[in-house]
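Pasted below: final-v8.cif, mmCIF, C-alpha atoms.
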data_data
#
loop_
_atom_site.label_atom_id
_atom_site.label_comp_id
_atom_site.auth_asym_id
_atom_site.auth_seq_id
_atom_site.Cartn_x
_atom_site.Cartn_y
_atom_site.Cartn_z
CA MET A 420 54.23 45.74 59.22
CA ALA A 421 51.56 43.81 57.41
CA THR A 422 52.73 40.64 55.75
CA PHE A 423 52.22 40.84 52.05
CA ASP A 424 51.92 37.78 49.86
CA PHE A 425 52.61 38.28 46.17
CA LEU A 426 50.59 35.20 45.30
CA GLU A 427 47.48 36.46 47.04
CA ILE A 428 44.73 37.66 44.70
CA ARG A 429 44.64 41.45 44.81
CA HIS A 430 42.78 42.22 41.62
CA LEU A 431 39.52 40.51 40.86
CA HIS A 432 40.16 40.55 37.13
CA ILE A 433 43.25 40.48 34.99
CA ASP A 434 43.01 43.82 33.25
CA TYR A 435 44.81 43.27 29.97
CA ASP A 436 44.24 46.83 28.84
CA ASN A 437 46.06 48.32 31.79
CA LEU A 438 49.03 46.04 32.29
CA ASP A 439 52.21 47.36 33.83
CA GLN A 440 54.58 45.80 31.33
CA GLU A 441 57.70 47.84 31.96
CA LEU A 442 59.45 45.30 34.16
CA LEU A 443 58.14 42.41 32.08
CA ASN A 444 59.51 43.81 28.84
CA GLU A 445 62.87 44.46 30.40
CA VAL A 446 63.07 40.90 31.74
CA ILE A 447 62.16 39.50 28.32
CA ARG A 448 64.81 41.67 26.70
CA GLU A 449 67.45 40.33 29.09
CA GLU A 450 66.22 36.72 29.06
CA PRO A 451 63.96 35.97 26.06
CA SER A 452 63.39 32.36 27.14
CA PHE A 453 61.06 33.77 29.82
CA GLN A 454 58.31 33.82 27.20
CA TRP A 455 58.49 30.15 26.29
CA CYS A 456 56.81 28.70 29.39
CA ILE A 457 54.07 26.09 28.94
CA SER A 458 53.26 25.97 32.67
CA CYS A 459 54.14 22.32 33.17
CA GLY A 460 55.06 23.00 36.79
CA CYS A 461 58.31 21.06 36.89
CA CYS A 462 60.16 24.07 38.28
CA THR A 463 57.76 24.45 41.17
CA ALA A 464 57.69 20.73 41.94
CA THR A 465 61.44 20.57 42.23
CA CYS A 466 61.94 24.02 43.85
CA SER A 467 63.97 23.98 47.08
CA ALA A 468 62.18 27.09 48.41
CA GLY A 469 58.79 25.91 47.20
CA ASN A 470 59.02 22.75 49.26
CA HIS A 471 59.22 24.73 52.49
CA THR A 472 57.36 27.96 51.76
CA THR A 473 54.44 29.08 49.60
CA PHE A 474 56.97 30.19 46.96
CA ASN A 475 55.76 29.15 43.50
CA ILE A 476 58.11 30.21 40.76
CA ARG A 477 55.75 29.21 37.95
CA ARG A 478 52.89 31.30 39.29
CA ILE A 479 55.20 34.21 40.03
CA SER A 480 56.37 34.17 36.42
CA LEU A 481 52.80 33.90 35.17
CA ILE A 482 51.53 36.75 37.35
CA LEU A 483 54.43 38.91 36.19
CA ARG A 484 53.51 38.09 32.61
CA ARG A 485 50.05 39.39 33.46
CA GLY A 486 51.65 42.64 34.48
CA GLU A 487 51.38 42.45 38.28
CA VAL A 488 54.54 43.55 40.08
CA GLU A 489 53.39 44.66 43.51
CA GLY A 490 55.19 42.67 46.23
CA LEU A 491 57.34 40.83 43.72
CA GLU A 492 60.67 41.88 45.21
CA GLU A 493 59.76 40.61 48.66
CA GLU A 494 58.45 37.30 47.24
CA LEU A 495 61.64 36.65 45.28
CA LYS A 496 63.68 36.81 48.47
CA LYS A 497 62.43 33.29 49.15
CA CYS A 498 64.35 31.98 46.13
CA MET A 499 67.66 30.36 47.06
CA LEU A 500 69.01 30.58 43.52
CA CYS A 501 69.83 26.87 43.58
CA GLY A 502 68.98 26.58 39.87
CA LYS A 503 67.08 23.27 40.01
CA CYS A 504 64.20 24.91 38.14
CA THR A 505 66.55 25.63 35.25
CA LEU A 506 67.83 22.06 35.29
CA VAL A 507 64.40 20.46 34.95
CA CYS A 508 62.72 22.90 32.54
CA PRO A 509 61.65 21.06 29.36
CA ARG A 510 61.55 24.33 27.44
CA ASP A 511 65.09 25.23 28.43
CA ILE A 512 64.01 28.45 30.12
CA GLN A 513 66.88 30.02 32.04
CA LEU A 514 64.68 30.55 35.07
CA ARG A 515 67.51 31.27 37.46
CA ASN A 516 68.64 34.02 35.16
CA VAL A 517 65.06 35.30 35.02
CA VAL A 518 64.99 35.61 38.82
CA MET A 519 68.42 37.27 38.84
CA ASN A 520 67.29 39.75 36.21
CA ILE A 521 64.04 40.65 37.97
CA LYS A 522 66.04 41.37 41.13
CA LYS A 523 68.59 43.37 39.16
CA ILE A 524 65.99 45.43 37.30
CA ILE A 525 64.01 46.20 40.46
CA LEU A 526 67.22 47.30 42.20
CA LYS A 527 68.21 49.42 39.22
CA LYS A 528 64.83 51.16 39.27
CA LYS A 529 65.10 51.82 42.99
CA THR A 530 68.57 53.31 42.79
CA ALA A 531 67.98 55.24 39.56
CA MET B 1232 61.50 -3.19 -15.86
CA LYS B 1233 62.48 -1.05 -12.93
CA LYS B 1234 63.31 -2.84 -9.72
CA ILE B 1235 61.37 -1.59 -6.73
CA VAL B 1236 63.06 -1.94 -3.36
CA ILE B 1237 61.31 -1.24 -0.07
CA ILE B 1238 63.49 -0.84 3.00
CA GLY B 1239 61.70 -1.75 6.21
CA GLY B 1240 59.18 -4.50 6.92
CA GLY B 1241 56.91 -2.67 9.36
CA ILE B 1242 53.32 -1.88 8.47
CA ALA B 1243 54.36 0.99 6.17
CA GLY B 1244 56.69 -1.21 4.13
CA LEU B 1245 54.16 -4.03 4.16
CA GLU B 1246 51.31 -1.81 2.96
CA VAL B 1247 53.40 -0.35 0.11
CA SER B 1248 54.45 -3.90 -0.86
CA ARG B 1249 50.89 -5.18 -0.75
CA LEU B 1250 49.58 -2.42 -3.01
CA LEU B 1251 52.40 -2.59 -5.53
CA LEU B 1252 52.05 -6.37 -5.76
CA GLN B 1253 48.30 -5.99 -6.14
CA GLU B 1254 48.90 -3.62 -9.07
CA GLY B 1255 51.25 -6.12 -10.69
CA PHE B 1256 54.64 -4.72 -9.79
CA PRO B 1257 57.24 -7.14 -8.40
CA VAL B 1258 58.96 -5.78 -5.29
CA THR B 1259 61.93 -6.52 -3.09
CA LEU B 1260 61.26 -6.02 0.63
CA ILE B 1261 64.26 -5.69 2.92
CA GLU B 1262 63.91 -6.12 6.69
CA LYS B 1263 66.77 -5.86 9.16
CA SER B 1264 65.25 -8.22 11.76
CA SER B 1265 64.20 -11.83 11.36
CA HIS B 1266 60.47 -11.11 11.19
CA LEU B 1267 57.99 -8.74 9.58
CA GLY B 1268 55.69 -6.34 11.42
CA GLY B 1269 58.06 -3.92 13.12
CA ASN B 1270 56.97 -1.75 16.01
CA ILE B 1271 53.26 -2.62 15.84
CA ARG B 1272 54.16 -5.92 17.44
CA ASN B 1273 54.82 -4.00 20.67
CA TYR B 1274 51.14 -3.11 20.91
CA ALA B 1275 48.44 -5.63 21.75
CA TYR B 1276 45.46 -3.34 21.16
CA LEU B 1277 45.19 -0.14 19.18
CA PHE B 1278 43.49 3.14 20.08
CA PRO B 1279 40.82 4.43 19.78
CA ASP B 1280 38.65 1.28 19.60
CA PHE B 1281 40.90 -1.43 21.10
CA THR B 1282 41.32 -3.29 17.80
CA PRO B 1283 43.83 -6.13 18.31
CA SER B 1284 47.01 -5.30 16.37
CA GLU B 1285 46.94 -8.86 14.98
CA GLU B 1286 43.98 -7.81 12.86
CA ILE B 1287 46.16 -5.26 11.07
CA LEU B 1288 48.99 -7.75 10.62
CA LYS B 1289 46.53 -10.30 9.22
CA ASN B 1290 46.29 -8.18 6.05
CA TYR B 1291 49.89 -9.08 5.29
CA THR B 1292 50.13 -12.77 6.20
CA SER B 1293 49.81 -13.91 2.58
CA LEU B 1294 52.56 -11.54 1.37
CA PRO B 1295 55.61 -13.77 1.96
CA GLY B 1296 54.05 -16.44 -0.26
CA ASN B 1297 53.66 -14.08 -3.22
CA ALA B 1298 55.91 -15.15 -6.11
CA ASP B 1299 56.48 -11.53 -7.13
CA LEU B 1300 57.88 -10.64 -3.72
CA GLN B 1301 61.55 -11.05 -3.00
CA LEU B 1302 61.83 -10.97 0.78
CA LEU B 1303 65.21 -10.35 2.35
CA LEU B 1304 65.10 -10.79 6.12
CA ASN B 1305 68.07 -10.14 8.45
CA THR B 1306 69.37 -7.71 5.88
CA GLU B 1307 70.45 -4.20 6.80
CA ILE B 1308 71.12 -1.60 4.14
CA GLU B 1309 74.22 0.38 4.96
CA LYS B 1310 74.79 2.53 1.94
CA ILE B 1311 73.14 3.68 -1.26
CA ASP B 1312 75.19 4.71 -4.25
CA PHE B 1313 73.32 7.58 -5.85
CA SER B 1314 75.92 8.29 -8.53
CA SER B 1315 74.20 6.33 -11.29
CA ARG B 1316 70.70 5.12 -12.11
CA PRO B 1317 69.48 2.62 -11.14
CA TYR B 1318 70.82 3.24 -7.65
CA THR B 1319 72.83 0.53 -5.90
CA LEU B 1320 72.12 -0.57 -2.35
CA PHE B 1321 74.80 -2.24 -0.26
CA SER B 1322 73.79 -4.49 2.60
CA ASN B 1323 75.71 -5.32 5.77
CA ASP B 1324 76.70 -8.71 4.37
CA GLY B 1325 78.12 -7.18 1.23
CA ILE B 1326 75.29 -7.82 -1.20
CA ALA B 1327 74.76 -5.15 -3.85
CA ILE B 1328 71.17 -4.63 -4.98
CA SER B 1329 70.33 -2.39 -7.87
CA ALA B 1330 67.14 -0.44 -7.27
CA ASP B 1331 64.97 2.33 -8.68
CA PRO B 1332 62.68 3.42 -7.12
CA ILE B 1333 63.54 2.95 -3.43
CA ILE B 1334 60.91 3.32 -0.72
CA ILE B 1335 62.31 4.08 2.71
CA ALA B 1336 60.04 2.74 5.44
CA THR B 1337 62.54 2.47 8.25
CA GLY B 1338 60.13 3.60 10.97
CA TYR B 1339 60.87 4.93 14.44
CA GLN B 1340 62.25 3.83 17.78
CA ILE B 1341 60.87 4.57 21.21
CA PHE B 1342 62.63 7.11 23.41
CA ASP B 1343 65.17 5.57 25.78
CA ALA B 1344 63.59 6.47 29.13
CA ARG B 1345 66.88 5.97 30.99
CA LEU B 1346 67.93 9.35 29.63
CA LYS B 1347 65.40 10.95 31.97
CA GLU B 1348 67.33 9.77 34.98
CA GLU B 1349 65.21 11.77 37.44
CA PHE B 1350 62.15 9.73 36.41
CA GLY B 1351 63.84 6.59 37.74
CA TYR B 1352 63.55 4.21 34.79
CA GLY B 1353 66.23 1.54 34.99
CA ILE B 1354 66.86 2.58 38.61
CA TYR B 1355 63.59 1.72 40.38
CA ASP B 1356 61.79 -1.50 39.44
CA GLY B 1357 58.33 0.04 39.69
CA VAL B 1358 59.04 2.46 36.85
CA ILE B 1359 58.13 0.96 33.48
CA THR B 1360 57.57 2.26 29.95
CA SER B 1361 54.30 2.22 28.04
CA VAL B 1362 55.70 -0.59 25.87
CA GLU B 1363 56.27 -2.75 28.95
CA MET B 1364 52.79 -1.83 30.20
CA GLU B 1365 51.33 -2.93 26.87
CA LYS B 1366 53.01 -6.29 27.35
CA MET B 1367 51.38 -6.67 30.78
CA ILE B 1368 48.02 -5.72 29.26
CA ARG B 1369 48.50 -8.32 26.53
CA GLU B 1370 49.23 -10.94 29.17
CA GLN B 1371 46.35 -9.60 31.28
CA HIS B 1372 48.64 -9.62 34.26
CA ILE B 1373 49.66 -6.29 35.78
CA VAL B 1374 51.95 -6.71 38.77
CA THR B 1375 54.32 -4.56 40.78
CA PRO B 1376 58.00 -5.51 41.07
CA TYR B 1377 57.14 -7.15 44.40
CA GLY B 1378 54.53 -9.35 42.79
CA LYS B 1379 51.34 -7.69 43.98
CA ALA B 1380 48.46 -6.13 42.09
CA PRO B 1381 49.15 -2.39 42.14
CA ARG B 1382 46.66 -0.27 44.05
CA ARG B 1383 47.76 2.95 42.47
CA ILE B 1384 49.27 3.54 39.03
CA ALA B 1385 50.43 6.84 37.57
CA PHE B 1386 50.83 7.40 33.85
CA ILE B 1387 53.31 10.12 32.91
CA HIS B 1388 52.75 11.86 29.60
CA CYS B 1389 55.41 13.53 27.41
CA VAL B 1390 58.41 11.38 28.36
CA GLY B 1391 61.07 12.19 25.80
CA SER B 1392 58.68 14.46 23.92
CA ARG B 1393 58.32 18.24 24.17
CA ASP B 1394 61.53 18.19 26.15
CA ALA B 1395 64.45 20.35 25.13
CA LYS B 1396 66.61 18.66 27.77
CA VAL B 1397 66.65 15.43 25.77
CA GLY B 1398 66.67 17.16 22.40
CA ASN B 1399 63.15 16.14 21.36
CA THR B 1400 61.16 19.36 21.24
CA TYR B 1401 58.31 18.01 19.13
CA CYS B 1402 55.05 16.49 20.35
CA SER B 1403 54.92 12.77 19.71
CA ARG B 1404 51.12 13.02 19.34
CA LEU B 1405 50.16 9.43 20.08
CA CYS B 1406 51.21 9.11 23.71
CA CYS B 1407 48.24 11.07 25.14
CA ILE B 1408 45.65 8.81 23.57
CA THR B 1409 47.78 5.72 24.27
CA ALA B 1410 47.92 6.68 27.96
CA ILE B 1411 44.15 6.94 28.07
CA LYS B 1412 43.79 3.63 26.25
CA GLN B 1413 46.16 1.90 28.65
CA ALA B 1414 44.58 3.59 31.68
CA ILE B 1415 41.19 2.19 30.67
CA GLU B 1416 42.62 -1.27 29.98
CA THR B 1417 44.39 -1.20 33.34
CA LYS B 1418 41.20 -0.20 35.13
CA LYS B 1419 39.35 -3.05 33.43
CA LEU B 1420 41.96 -5.51 34.67
CA LEU B 1421 42.25 -3.93 38.13
CA PRO B 1422 38.91 -2.34 39.02
CA GLN B 1423 40.12 -1.52 42.55
CA ALA B 1424 43.17 0.42 41.40
CA GLU B 1425 43.39 4.20 41.44
CA ILE B 1426 44.71 5.52 38.16
CA PHE B 1427 46.22 8.93 37.51
CA CYS B 1428 47.39 10.59 34.31
CA PHE B 1429 49.92 13.41 34.67
CA TYR B 1430 49.79 15.59 31.59
CA ILE B 1431 50.91 19.00 30.35
CA ASP B 1432 48.35 19.31 27.58
CA LEU B 1433 46.00 16.53 26.50
CA ARG B 1434 46.14 16.33 22.75
CA MET B 1435 43.07 14.40 21.64
CA TYR B 1436 43.54 15.10 17.97
CA GLY B 1437 41.51 12.28 16.48
CA LEU B 1438 37.78 12.46 15.82
CA THR B 1439 36.89 9.91 18.49
CA PHE B 1440 39.78 10.52 20.91
CA GLU B 1441 37.92 13.10 22.98
CA GLU B 1442 35.13 10.56 23.51
CA LEU B 1443 37.65 8.10 24.90
CA TYR B 1444 38.94 10.80 27.24
CA LEU B 1445 35.44 11.55 28.44
CA ASN B 1446 34.77 7.86 28.80
CA ALA B 1447 37.92 7.46 30.89
CA GLN B 1448 36.47 10.01 33.32
CA LYS B 1449 32.87 8.85 33.17
CA GLU B 1450 33.13 5.09 33.20
CA TYR B 1451 36.55 4.38 34.61
CA ASN B 1452 37.15 7.19 37.10
CA ILE B 1453 40.64 7.94 35.74
CA GLN B 1454 42.05 11.04 37.46
CA PHE B 1455 43.79 13.68 35.36
CA VAL B 1456 46.37 15.92 36.98
CA ARG B 1457 47.82 18.83 35.05
CA GLY B 1458 51.49 18.76 35.90
CA ARG B 1459 54.67 17.25 34.61
CA LEU B 1460 56.63 14.73 36.69
CA SER B 1461 59.61 16.35 38.30
CA GLU B 1462 61.27 13.46 40.09
CA THR B 1463 60.76 9.94 41.39
CA SER B 1464 62.17 8.34 44.51
CA GLU B 1465 61.74 4.91 46.03
CA MET B 1466 60.74 3.81 49.51
CA ILE B 1467 62.24 0.82 51.29
CA ASP B 1468 59.23 -1.34 50.30
CA LYS B 1469 59.81 -0.45 46.62
CA ARG B 1470 56.81 1.82 46.38
CA LEU B 1471 57.49 5.07 44.59
CA ILE B 1472 57.12 8.68 45.58
CA ILE B 1473 56.56 11.11 42.74
CA LYS B 1474 56.71 14.87 42.77
CA ALA B 1475 54.95 17.24 40.41
CA GLU B 1476 53.08 20.49 40.62
CA ASP B 1477 49.32 20.35 40.46
CA THR B 1478 49.40 23.39 38.22
CA LEU B 1479 45.69 24.03 38.16
CA ILE B 1480 45.75 24.44 41.92
CA GLY B 1481 49.23 25.93 41.95
CA ARG B 1482 50.75 23.83 44.70
CA PRO B 1483 53.44 21.15 44.68
CA LEU B 1484 52.08 17.63 44.86
CA LYS B 1485 53.58 14.49 46.36
CA MET B 1486 52.10 11.08 45.69
CA MET B 1487 52.88 7.54 46.65
CA THR B 1488 52.31 5.06 43.87
CA ASP B 1489 52.94 1.36 43.31
CA MET B 1490 53.74 1.72 39.65
CA LEU B 1491 54.81 4.46 37.29
CA VAL B 1492 54.22 4.16 33.56
CA LEU B 1493 56.32 6.44 31.36
CA MET B 1494 54.60 7.28 28.07
CA VAL B 1495 57.69 7.19 25.90
CA GLY B 1496 57.56 9.18 22.68
CA MET B 1497 58.55 8.20 19.17
CA GLU B 1498 61.86 9.35 17.83
CA ALA B 1499 63.79 8.87 14.62
CA SER B 1500 65.55 5.54 14.81
CA ASN B 1501 69.31 5.60 15.15
CA PHE B 1502 69.23 3.58 11.99
CA SER B 1503 67.38 6.33 10.12
CA LYS B 1504 69.72 9.03 11.41
CA GLN B 1505 72.85 7.07 10.50
CA PHE B 1506 71.36 6.00 7.25
CA ALA B 1507 70.67 9.60 6.29
CA TYR B 1508 74.12 10.66 7.44
CA HIS B 1509 75.94 8.07 5.38
CA ASN B 1510 73.73 8.32 2.35
CA GLY B 1511 73.23 12.01 1.83
CA LEU B 1512 69.49 11.98 2.38
CA GLU B 1513 68.18 15.06 4.09
CA ILE B 1514 66.87 14.82 7.64
CA GLY B 1515 64.76 17.48 9.34
CA GLU B 1516 65.56 19.22 12.60
CA HIS B 1517 63.88 16.46 14.63
CA GLY B 1518 65.97 13.67 13.13
CA PHE B 1519 63.29 12.17 10.90
CA PHE B 1520 63.69 12.05 7.12
CA LYS B 1521 62.67 15.32 5.51
CA PRO B 1522 60.05 15.03 2.78
CA LEU B 1523 59.98 17.35 -0.20
CA ASN B 1524 57.27 19.40 1.49
CA GLN B 1525 54.75 19.04 4.30
CA PHE B 1526 51.62 19.22 2.18
CA ASN B 1527 51.40 17.33 -1.10
CA ALA B 1528 54.77 15.59 -1.21
CA ARG B 1529 55.09 14.02 2.23
CA GLY B 1530 56.13 10.72 0.67
CA LYS B 1531 58.74 12.14 -1.69
CA SER B 1532 62.35 12.87 -0.94
CA GLN B 1533 64.60 15.52 -2.44
CA LYS B 1534 66.06 12.83 -4.70
CA GLU B 1535 64.31 11.46 -7.74
CA GLY B 1536 63.07 7.92 -7.28
CA ILE B 1537 63.47 7.91 -3.49
CA TYR B 1538 60.25 7.80 -1.48
CA PHE B 1539 59.29 7.67 2.19
CA ALA B 1540 56.52 5.69 3.82
CA GLY B 1541 55.29 5.81 7.40
CA THR B 1542 57.01 6.95 10.57
CA SER B 1543 60.40 7.44 8.96
CA ILE B 1544 59.20 11.05 8.42
CA GLY B 1545 57.64 11.61 11.87
CA PRO B 1546 55.27 10.21 14.52
CA MET B 1547 52.13 8.65 13.07
CA SER B 1548 49.37 6.39 14.30
CA VAL B 1549 48.75 3.00 12.69
CA ALA B 1550 45.94 4.45 10.57
CA GLU B 1551 48.06 7.39 9.46
CA THR B 1552 50.99 5.12 8.67
CA ILE B 1553 48.85 2.95 6.43
CA GLU B 1554 47.34 5.99 4.70
CA HIS B 1555 50.77 7.49 4.17
CA ALA B 1556 52.02 4.19 2.76
CA GLN B 1557 49.05 4.11 0.38
CA ALA B 1558 49.80 7.63 -0.84
CA THR B 1559 53.44 6.70 -1.35
CA ALA B 1560 52.44 3.57 -3.26
CA LEU B 1561 50.39 5.74 -5.61
CA SER B 1562 53.30 8.18 -6.11
CA THR B 1563 55.54 5.21 -6.83
CA ILE B 1564 53.14 3.78 -9.40
CA SER B 1565 52.89 7.18 -11.12
CA TYR B 1566 56.67 7.34 -11.16
CA LEU B 1567 56.94 3.82 -12.63
CA LYS B 1568 54.52 4.76 -15.38
CA GLY B 1569 56.60 7.81 -16.19
CA LYS B 1570 53.87 10.24 -15.16
CA GLU B 1571 55.76 11.74 -12.26
CA ASN B 1572 59.31 12.09 -11.21
#
Show this structure as structure tokens.
Amino acid sequence: MATFDFLEIRHLHIDYDNLDQELLNEVIREEPSFQWCISCGCCTATCSAGNHTTFNIRRISLILRRGEVEGLEEELKKCMLCGKCTLVCPRDIQLRNVVMNIKKIILKKKTA
Amino acid sequence: MKKIVIIGGGIAGLEVSRLLLQEGFPVTLIEKSSHLGGNIRNYAYLFPDFTPSEEILKNYTSLPGNADLQLLLNTEIEKIDFSSRPYTLFSNDGIAISADPIIIATGYQIFDARLKEEFGYGIYDGVITSVEMEKMIREQHIVTPYGKAPRRIAFIHCVGSRDAKVGNTYCSRLCCITAIKQAIETKKLLPQAEIFCFYIDLRMYGLTFEELYLNAQKEYNIQFVRGRLSETSEMIDKRLIIKAEDTLIGRPLKMMTDMLVLMVGMEASNFSKQFAYHNGLEIGEHGFFKPLNQFNARGKSQKEGIYFAGTSIGPMSVAETIEHAQATALSTISYLKGKEN
């Protein structure tokens, strides 16, 4: 099986007119703070998974906000749900809850 | 004749006093500490052109000798009785002062960096605040806690500002340009040192601020990293290790540094908050006094005859503070002449 990295660039351009926003909208509905990010990077700097793998929670969130979902489920398996990202976030984004919700919504879609 | 009382002897209170005296109105100036000047005394040089702060204070040196000025030092106002006009002020030592109008120029305090425990202030010696850095710049002697000239210095923007975790969600505005000012001054004193600024957004809001930013890159080789400090740790030799994300690259960053300067933001002074609480003056959501509106009544309060000057209503530079004080002085004069209430 080919390894698939969510953070790898798969589309040359961000196509704003053809975004897949279904998952994004559902995440925002469940956890509205997801929209408040200013990309300061504190979450990634402190991330337990990010210090040992290429996991980058800030970029994952940003790419999802740009409507890209391919490979997202696999990427989120790297998260240990330790919650340090939530502790350091200056915008009080409930990032752990965001991750939990993405996982939940993907699972719900699969089993629907 | 109405008795004008100005609370706070920083540059806002001093500028209001100076103008009212100049226009022939006697004033009473109340200052809680033993000297005039306030927070500006923490800064040796001012952005954007490195003007010595003494030059600003020089405008007020003749004030204490003015016969129309009643100066009350070491006097803290604890309560105002608004029930009858003129209002009555009560000081900590029990003096009652009748006053109308009252100009509140109680200023700001710097954010207590110890509240950001993960940044290491008060824990590691190499972590200092921008106010402590300014002191080193004034003395032209920048040293690490182990007495050596630092080879690498990191300035951290937005400490205690734009941070919901400490309750200050607003931008303090002045720290970005102050960091660049101090970075340049540091580089002048230590040409061999590597200097980094860690920022989230660089807010160069003044006309000539962007030039200073460009100059910092061009002439002084200051490095700008877009990422907010996540945590600090200390090595056995007292050097520091800082962690952030280099967000423009998208990878976590680790850096060893000899010194860490936290650009502490401005917040409403505890005095202002308590003062408002005990005296029924309205404060805004960020803890500063709330003016009547944000456009043409920034120096007026909700109460007749009560005015604000300077940083008691929010973060302001020295220039903005003086301008705001001038506007408030004009409102006060109009009020005294019965043209405005």
**Study point:** Residue among A:Asn516, A:Gln440, A:Gln454, A:Asn470 lying closest to chain B, counting all atoms listed in the file
**Key:**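 Going through A:Asn516, A:Gln440, A:Gln454, A:Asn470 one by one, the smallest distance to chain B is for A:Asn470.
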Check your understanding: For the file shown, what are the residues hit by the PyMOL selection byres ((chain A) within 8 of (chain B)), laid out as a PyMOL selection string?
Key -> chain A and resi 457-465+469-470+475+478+507-511
For those residues, write C-alpha atoms to a file as a PDB file, in the coordinates of the input.
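As written to disk, result_11.pdb reads:
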ATOM      1  CA  ILE A 457      54.070  26.090  28.940  1.00  0.00           C
ATOM      2  CA  SER A 458      53.260  25.970  32.670  1.00  0.00           C
ATOM      3  CA  CYS A 459      54.140  22.320  33.170  1.00  0.00           C
ATOM      4  CA  GLY A 460      55.060  23.000  36.790  1.00  0.00           C
ATOM      5  CA  CYS A 461      58.310  21.060  36.890  1.00  0.00           C
ATOM      6  CA  CYS A 462      60.160  24.070  38.280  1.00  0.00           C
ATOM      7  CA  THR A 463      57.760  24.450  41.170  1.00  0.00           C
ATOM      8  CA  ALA A 464      57.690  20.730  41.940  1.00  0.00           C
ATOM      9  CA  THR A 465      61.440  20.570  42.230  1.00  0.00           C
ATOM     10  CA  GLY A 469      58.790  25.910  47.200  1.00  0.00           C
ATOM     11  CA  ASN A 470      59.020  22.750  49.260  1.00  0.00           C
ATOM     12  CA  ASN A 475      55.760  29.150  43.500  1.00  0.00           C
ATOM     13  CA  ARG A 478      52.890  31.300  39.290  1.00  0.00           C
ATOM     14  CA  VAL A 507      64.400  20.460  34.950  1.00  0.00           C
ATOM     15  CA  CYS A 508      62.720  22.900  32.540  1.00  0.00           C
ATOM     16  CA  PRO A 509      61.650  21.060  29.360  1.00  0.00           C
ATOM     17  CA  ARG A 510      61.550  24.330  27.440  1.00  0.00           C
ATOM     18  CA  ASP A 511      65.090  25.230  28.430  1.00  0.00           C
TER      19      ASP A 511
END
Exercise for review: Report as an MDAnalysis selection string the full result of the PyMOL selection byres ((chain A and resi 503) around 8) when it is applied to this structure.
Suggested key: chainID A and resid 462 465:467 501:502 504:507
**Study point:** Among the residues B:Ile1354, B:Leu1405, B:Met1435, B:Ile1553, the one that comes closest to Glu1465 of chain B [using all atoms listed in the file]
**Key:**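 Using all atoms listed in the file, the shortest distance to Glu1465 of chain B belongs to B:Ile1354.
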Practice item. Output the residue selection produced by the PyMOL selection byres ((chain B and resi 1266-1274) around 10) on the file above, formatted as a ChimeraX atom specification. Key: /B:1239-1245,1260-1265,1275-1278,1283-1285,1287-1288,1291-1292,1295,1302,1304-1305,1337-1341,1361-1366,1368-1369,1548-1549
Check your understanding: Neighbours of Asp1356 of chain B within 9 Å (only C-alpha atoms; same-chain residues fewer than 2 positions away dropped), as a PyMOL selection string?
Key -> chain B and resi 1351-1354+1358-1359+1375-1377+1469+1490
Residues within 9 Å of Ile525 of chain A, please, as a PDB file with C-alpha atoms, in the frame of the given file. Count only C-alpha atoms; anything in the same chain fewer than 4 positions from it doesn't count.
ATOM      1  CA  LEU A 442      59.450  45.300  34.160  1.00  0.00           C
ATOM      2  CA  GLU A 492      60.670  41.880  45.210  1.00  0.00           C
ATOM      3  CA  ASN A 520      67.290  39.750  36.210  1.00  0.00           C
ATOM      4  CA  ILE A 521      64.040  40.650  37.970  1.00  0.00           C
ATOM      5  CA  LYS A 529      65.100  51.820  42.990  1.00  0.00           C
ATOM      6  CA  THR A 530      68.570  53.310  42.790  1.00  0.00           C
TER       7      THR A 530
END
Practice item. Kindly give the distance, in Å, that separates atom CA of Val517 of chain A and atom CA of Val446 of chain A, rounded to a single decimal. Key: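 Spanning atom CA of Val517 of chain A to atom CA of Val446 of chain A is a straight-line distance of 6.8 Å.
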**Study point:** Minimum-distance residue to Leu491 of chain A, chosen among A:Arg429, A:Ile479, A:Asp439, A:Ala468 (using all atoms listed in the file)
**Key:**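 So, comparing all the options, the nearest one is A:Ile479.
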Take every atom of segment 490-496 of chain A listed in the file, fit an axis-aligned box around them, add 4 Å per side, and give the centre and edge lengths in Å to one decimal as lines of an AutoDock Vina configuration file.
center_x = 59.4
center_y = 39.7
center_z = 46.2
size_x = 16.5
size_y = 14.0
size_z = 12.9
Review point. Given the choices B:Met1466, B:Val1247, B:Leu1567, B:Leu1493, which gets closest to Lys1233 of chain B if the distance is worked out from all atoms listed in the file?
Key: B:Leu1567
Point to revise | Among listed residues A:Ser480, A:Arg485, A:Trp455, A:Glu445, nearest His430 of chain A (using all atoms listed in the file) | key: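 When distances to His430 of chain A are compared using all atoms listed in the file, the smallest one comes from A:Arg485.
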**Study point:** B:Ala1550, B:Glu1254, B:Phe1506, B:Leu1443 ranked by distance to Glu1307 of chain B, top pick (using all atoms listed in the file)
**Key:**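 Smallest distance to Glu1307 of chain B is found for B:Phe1506.
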Exercise for review: State, in Å with one decimal place, the distance from atom CA of Ala1330 of chain B to atom CA of Asp1299 of chain B.
Suggested key: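 Here the two named atoms are 15.4 Å from each other.
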